[in-house]
$ cat target_37.cif   # mmCIF, C-alpha atoms and all ligand atoms
data_protein
#
loop_
_atom_site.label_atom_id
_atom_site.label_comp_id
_atom_site.auth_asym_id
_atom_site.auth_seq_id
_atom_site.Cartn_x
_atom_site.Cartn_y
_atom_site.Cartn_z
CA MET A 1 0.00 0.00 0.00
CA VAL A 2 2.82 2.41 0.94
CA ALA A 3 4.67 1.52 -2.29
CA LEU A 4 1.51 2.25 -4.23
CA VAL A 5 1.10 5.69 -2.63
CA LEU A 6 4.77 6.49 -3.27
CA GLU A 7 4.40 5.49 -6.91
CA TYR A 8 1.33 7.70 -7.12
CA TYR A 9 3.17 10.67 -5.58
CA VAL A 10 6.12 10.31 -7.97
CA LEU A 11 3.63 10.32 -10.83
CA LEU A 12 1.73 13.28 -9.40
CA ARG A 13 4.96 15.25 -8.99
CA SER A 14 6.06 14.63 -12.56
CA VAL A 15 2.61 15.65 -13.82
CA LEU A 16 2.79 18.91 -11.84
CA ARG A 17 6.29 19.55 -13.12
CA ALA A 18 5.15 19.11 -16.72
CA LYS A 19 1.88 21.03 -16.21
CA PRO A 20 2.58 23.68 -13.54
CA HIS A 21 -0.82 25.32 -14.12
CA LEU A 22 -2.43 22.23 -12.54
CA ARG A 23 -0.88 23.17 -9.18
CA ALA A 24 -4.01 25.26 -8.57
CA CYS A 25 -6.00 22.01 -8.66
CA LEU A 26 -3.82 20.25 -6.10
CA THR A 27 -5.55 19.68 -2.79
CA ARG A 28 -5.40 17.39 0.23
CA CYS A 29 -7.99 14.97 1.56
CA ARG A 30 -9.50 16.30 4.78
CA HIS A 31 -9.77 12.76 6.13
CA CYS A 32 -6.62 10.83 5.14
CA ARG A 33 -4.45 13.82 4.05
CA ILE A 34 -3.47 12.29 0.69
CA PHE A 35 -2.77 14.79 -2.10
CA PHE A 36 -4.91 14.61 -5.21
CA LEU A 37 -5.94 16.72 -8.20
CA THR A 38 -9.42 18.13 -8.06
CA HIS A 39 -11.61 19.72 -10.74
CA PRO A 40 -10.71 23.38 -11.46
CA ARG A 41 -14.13 24.46 -10.10
CA ASN A 42 -12.96 23.16 -6.68
CA ALA A 43 -9.49 24.75 -6.91
CA GLY A 44 -8.38 26.23 -3.59
CA ARG A 45 -10.77 24.16 -1.48
CA HIS A 46 -9.33 22.22 1.45
CA ASP A 47 -12.52 20.61 2.74
CA LEU A 48 -12.73 17.84 0.15
CA GLY A 49 -12.57 14.09 0.55
CA CYS A 50 -10.25 12.13 -1.74
CA PRO A 51 -11.68 9.98 -4.54
CA PHE A 52 -9.83 6.92 -3.23
CA GLY A 53 -12.52 5.95 -0.75
CA CYS A 54 -12.89 8.78 1.79
CA ARG A 55 -15.42 10.75 -0.24
CA GLN A 56 -17.61 7.69 -0.67
CA ALA A 57 -17.20 6.54 2.94
CA HIS A 58 -18.06 10.01 4.22
CA ARG A 59 -21.12 10.23 1.98
CA GLN A 60 -22.37 6.86 3.25
CA ARG A 61 -21.77 7.87 6.88
CA ALA A 62 -23.62 11.18 6.39
CA SER A 63 -26.58 9.40 4.84
CA ALA A 64 -26.61 6.82 7.65
CA GLN A 65 -26.60 9.67 10.20
CA ARG A 66 -29.44 11.43 8.40
CA SER A 67 -31.41 8.20 8.39
CA ALA A 68 -30.63 7.57 12.08
CA ALA A 69 -31.67 11.13 12.98
CA TYR A 70 -34.95 10.74 11.10
CA TYR A 71 -35.85 7.31 12.43
CA GLY A 72 -34.18 7.84 15.81
CA ASP A 73 -37.17 8.76 18.00
CA ALA A 74 -39.82 6.28 19.05
CA GLU A 75 -42.35 7.51 16.52
CA GLY A 76 -39.74 7.28 13.80
CA LYS A 77 -38.90 3.74 14.81
CA SER A 78 -42.48 2.66 14.34
CA ILE A 79 -42.55 4.37 10.93
CA LYS A 80 -39.42 2.50 9.99
CA SER A 81 -40.75 -0.87 11.11
CA GLN A 82 -43.98 -0.22 9.22
CA LEU A 83 -41.97 0.68 6.15
CA ASN A 84 -39.94 -2.48 6.51
CA ARG A 85 -43.06 -4.57 6.92
CA ARG A 86 -44.72 -2.97 3.93
CA ARG A 87 -41.65 -3.41 1.74
CA PRO A 88 -41.93 -6.52 -0.45
CA ARG A 89 -39.37 -9.18 0.37
CA LYS A 90 -37.18 -8.59 -2.70
CA TYR A 91 -36.72 -4.92 -1.80
CA ARG A 92 -35.23 -5.60 1.64
CA ALA A 93 -31.75 -4.19 2.20
CA PRO A 94 -29.15 -6.44 0.56
CA GLU A 95 -27.19 -8.73 2.85
CA PRO A 96 -23.56 -7.74 3.41
CA PRO A 97 -21.18 -9.57 1.06
CA SER A 98 -19.58 -12.66 2.52
CA GLU A 99 -15.97 -12.34 3.64
CA GLN A 100 -14.59 -14.98 1.30
CA PRO A 101 -15.76 -14.80 -2.30
CA ARG A 102 -15.83 -18.25 -3.87
CA ALA A 103 -13.60 -17.45 -6.86
CA PRO A 104 -11.57 -14.34 -6.06
CA ALA A 105 -9.41 -14.41 -9.21
CA LEU A 106 -12.36 -14.77 -11.53
CA ARG A 107 -14.33 -12.17 -9.63
CA ARG A 108 -11.49 -9.65 -9.84
CA ARG A 109 -11.22 -10.09 -13.59
CA LEU A 110 -14.94 -9.66 -14.11
CA ALA A 111 -15.44 -6.85 -11.60
CA PRO A 112 -16.32 -3.56 -13.29
CA TRP A 113 -14.18 -0.53 -12.52
CA ASP A 114 -15.32 1.56 -9.59
CA PRO A 115 -17.31 4.38 -11.28
CA ALA A 116 -15.97 7.03 -8.85
CA MET A 117 -12.41 5.97 -9.66
CA VAL A 118 -13.07 5.99 -13.43
CA GLU A 119 -14.54 9.47 -13.12
CA HIS A 120 -11.50 10.71 -11.17
CA VAL A 121 -9.06 9.24 -13.72
CA ARG A 122 -11.17 10.71 -16.53
CA MET A 123 -11.14 14.19 -14.96
CA VAL A 124 -7.39 14.11 -14.26
CA ALA A 125 -6.60 12.73 -17.73
CA SER A 126 -8.74 15.49 -19.28
CA LEU A 127 -6.88 18.12 -17.24
CA ILE A 128 -3.46 16.74 -18.18
CA GLU A 129 -4.24 16.30 -21.86
CA GLY A 130 -6.23 19.52 -22.11
CA ARG A 131 -9.08 17.78 -23.92
CA ARG A 132 -12.20 15.86 -23.00
CA VAL A 133 -11.37 12.23 -22.28
CA SER A 134 -14.36 9.91 -22.18
CA ARG A 135 -15.09 7.24 -19.56
CA ARG A 136 -14.92 4.61 -22.30
CA GLN A 137 -11.39 5.74 -23.17
CA VAL A 138 -10.40 5.60 -19.50
CA ARG A 139 -11.74 2.06 -19.13
CA ALA A 140 -9.91 0.97 -22.30
CA MET A 141 -6.71 2.56 -21.01
CA LEU A 142 -7.04 0.93 -17.58
CA GLN A 143 -7.66 -2.43 -19.23
CA LYS A 144 -4.50 -2.01 -21.31
CA VAL A 145 -2.34 -0.93 -18.36
CA LEU A 146 -3.58 -3.82 -16.26
CA ARG A 147 -2.81 -6.28 -19.08
CA GLN A 148 0.73 -4.90 -19.40
CA HIS A 149 1.20 -5.20 -15.64
CA THR A 150 0.12 -8.84 -15.72
CA MET A 151 2.42 -9.55 -18.67
CA CYS A 152 5.36 -7.90 -16.92
CA ARG A 153 4.76 -9.92 -13.78
CA ARG A 154 4.43 -13.15 -15.78
CA ARG A 155 7.69 -12.40 -17.63
CA LYS A 156 9.45 -11.88 -14.29
CA ILE A 157 8.11 -15.18 -12.94
CA ASP A 158 9.13 -16.95 -16.19
CA GLN A 159 12.63 -15.50 -15.88
CA THR A 160 12.89 -16.63 -12.26
CA VAL A 161 11.72 -20.14 -13.17
CA ALA A 162 14.23 -20.29 -16.05
CA TRP A 163 16.99 -19.08 -13.76
CA LEU A 164 16.09 -21.67 -11.12
CA ASN A 165 16.17 -24.38 -13.80
CA GLU A 166 19.67 -23.32 -14.83
CA GLN A 167 20.97 -22.90 -11.30
CA PRO A 168 19.03 -25.17 -8.98
CA PRO A 169 19.38 -24.17 -5.32
ZN ZN B 201 -8.84 10.40 1.80
#
$ encode --input "target_37.cif" --output "structure tokens"
Amino acid sequence: MVALVLEYYVLLRSVLRAKPHLRACLTRCRHCRIFFLTHPRNAGRHDLGCPFGCRQAHRQRASAQRSAAYYGDAEGKSIKSQLNRRRPRKYRAPEPPSEQPRAPALRRRLAPWDPAMVEHVRMVASLIEGRRVSRRQVRAMLQKVLRQHTMCRRRKIDQTVAWLNEQPP
């Protein structure tokens, strides 16, 4: 995780060096303090949550608090239980996902990109390139980068295996 953040910061620094005008868009997450680029309309703000999870987590917490405040009193509780009773079975709140997915590898490959993350990458890519980058382009780019990563890793493993064959321990 630390290596990932470092890699991200090196990248962010080189982007800011190449595009100094984007410095105005640099801000810090109010929760985890990570630096990130924000949309020019938010330039200069320091009360934002990062797009790497804090913004989403904070939004969910705020909505849970609102719901708790509304349904908190006794009257509210009875409203809530009536609502729950009235709600057809298939509309009940979804059960939390189980800890251990059955096929993690397969699931990871099939999992769609997190829309908030795609939107952040799209916005930053648009800022850097100075043109409108579409979400489809971002997804295609992410797919390509991920494939290259996998290929690189496989090549390294192949090399290690070949080396071990030549020089058995
Ligand atoms: Zn954060």
$ residues_around --input "target_37.cif" --residues "Ser134 in chain A" --least-positions-apart "2" --cutoff "12 Å" --atoms "all atoms listed in the file" --output "list in words"
Val118, Glu119, His120, Val121, Arg122, Met123, Val124, Ala125, Ser126, Glu129, Arg131, Arg132, Arg136, Gln137, Val138, Arg139, Ala140 and Met141 of chain A
$ closest_atom_pairs --input "target_37.cif" --of "chain A" --to "ligand ZN 201 (chain B)" --cutoff "8 Å" --atoms "all atoms listed in the file" --output "CSV"
residue,atom,partner,partner_atom,distance
A:Arg28,CA,B:ZN201,ZN,7.9
A:Cys29,CA,B:ZN201,ZN,4.7
A:Arg30,CA,B:ZN201,ZN,6.6
A:His31,CA,B:ZN201,ZN,5.0
A:Cys32,CA,B:ZN201,ZN,4.0
A:Arg33,CA,B:ZN201,ZN,6.0
A:Ile34,CA,B:ZN201,ZN,5.8
A:Gly49,CA,B:ZN201,ZN,5.4
A:Cys50,CA,B:ZN201,ZN,4.2
A:Pro51,CA,B:ZN201,ZN,7.0
A:Phe52,CA,B:ZN201,ZN,6.2
A:Gly53,CA,B:ZN201,ZN,6.3
A:Cys54,CA,B:ZN201,ZN,4.4
A:Arg55,CA,B:ZN201,ZN,6.9
$ closest_residue --input "target_37.cif" --among "A:Glu7, A:Arg147, A:Leu127, A:Val15" --to "Arg41 in chain A" --atoms "all atoms listed in the file"
A:Leu127
$ atom_distance --input "target_37.cif" --atom1 "CA of Pro20 in chain A" --atom2 "CA of Pro40 in chain A"
13.5 Å
$ closest_residue --input "target_37.cif" --among "A:Arg13, A:Arg85, A:Lys19, A:His149" --to "Ile128 in chain A" --atoms "only C-alpha atoms"
A:Lys19
$ closest_residue --input "target_37.cif" --among "A:Leu6, A:Arg153, A:Leu83, A:Ala69" --to "Phe35 in chain A" --atoms "only C-alpha atoms"
A:Leu6
$ atom_distance --input "target_37.cif" --atom1 "CA of Trp113 in chain A" --atom2 "CA of Gln56 in chain A"
14.8 Å
$ atom_distance --input "target_37.cif" --atom1 "CA of Thr27 in chain A" --atom2 "CA of His46 in chain A"
6.2 Å
$ closest_residue --input "target_37.cif" --among "A:Tyr9, A:Leu37, A:Pro112, A:Asn165" --to "His21 in chain A" --atoms "all atoms listed in the file"
A:Leu37
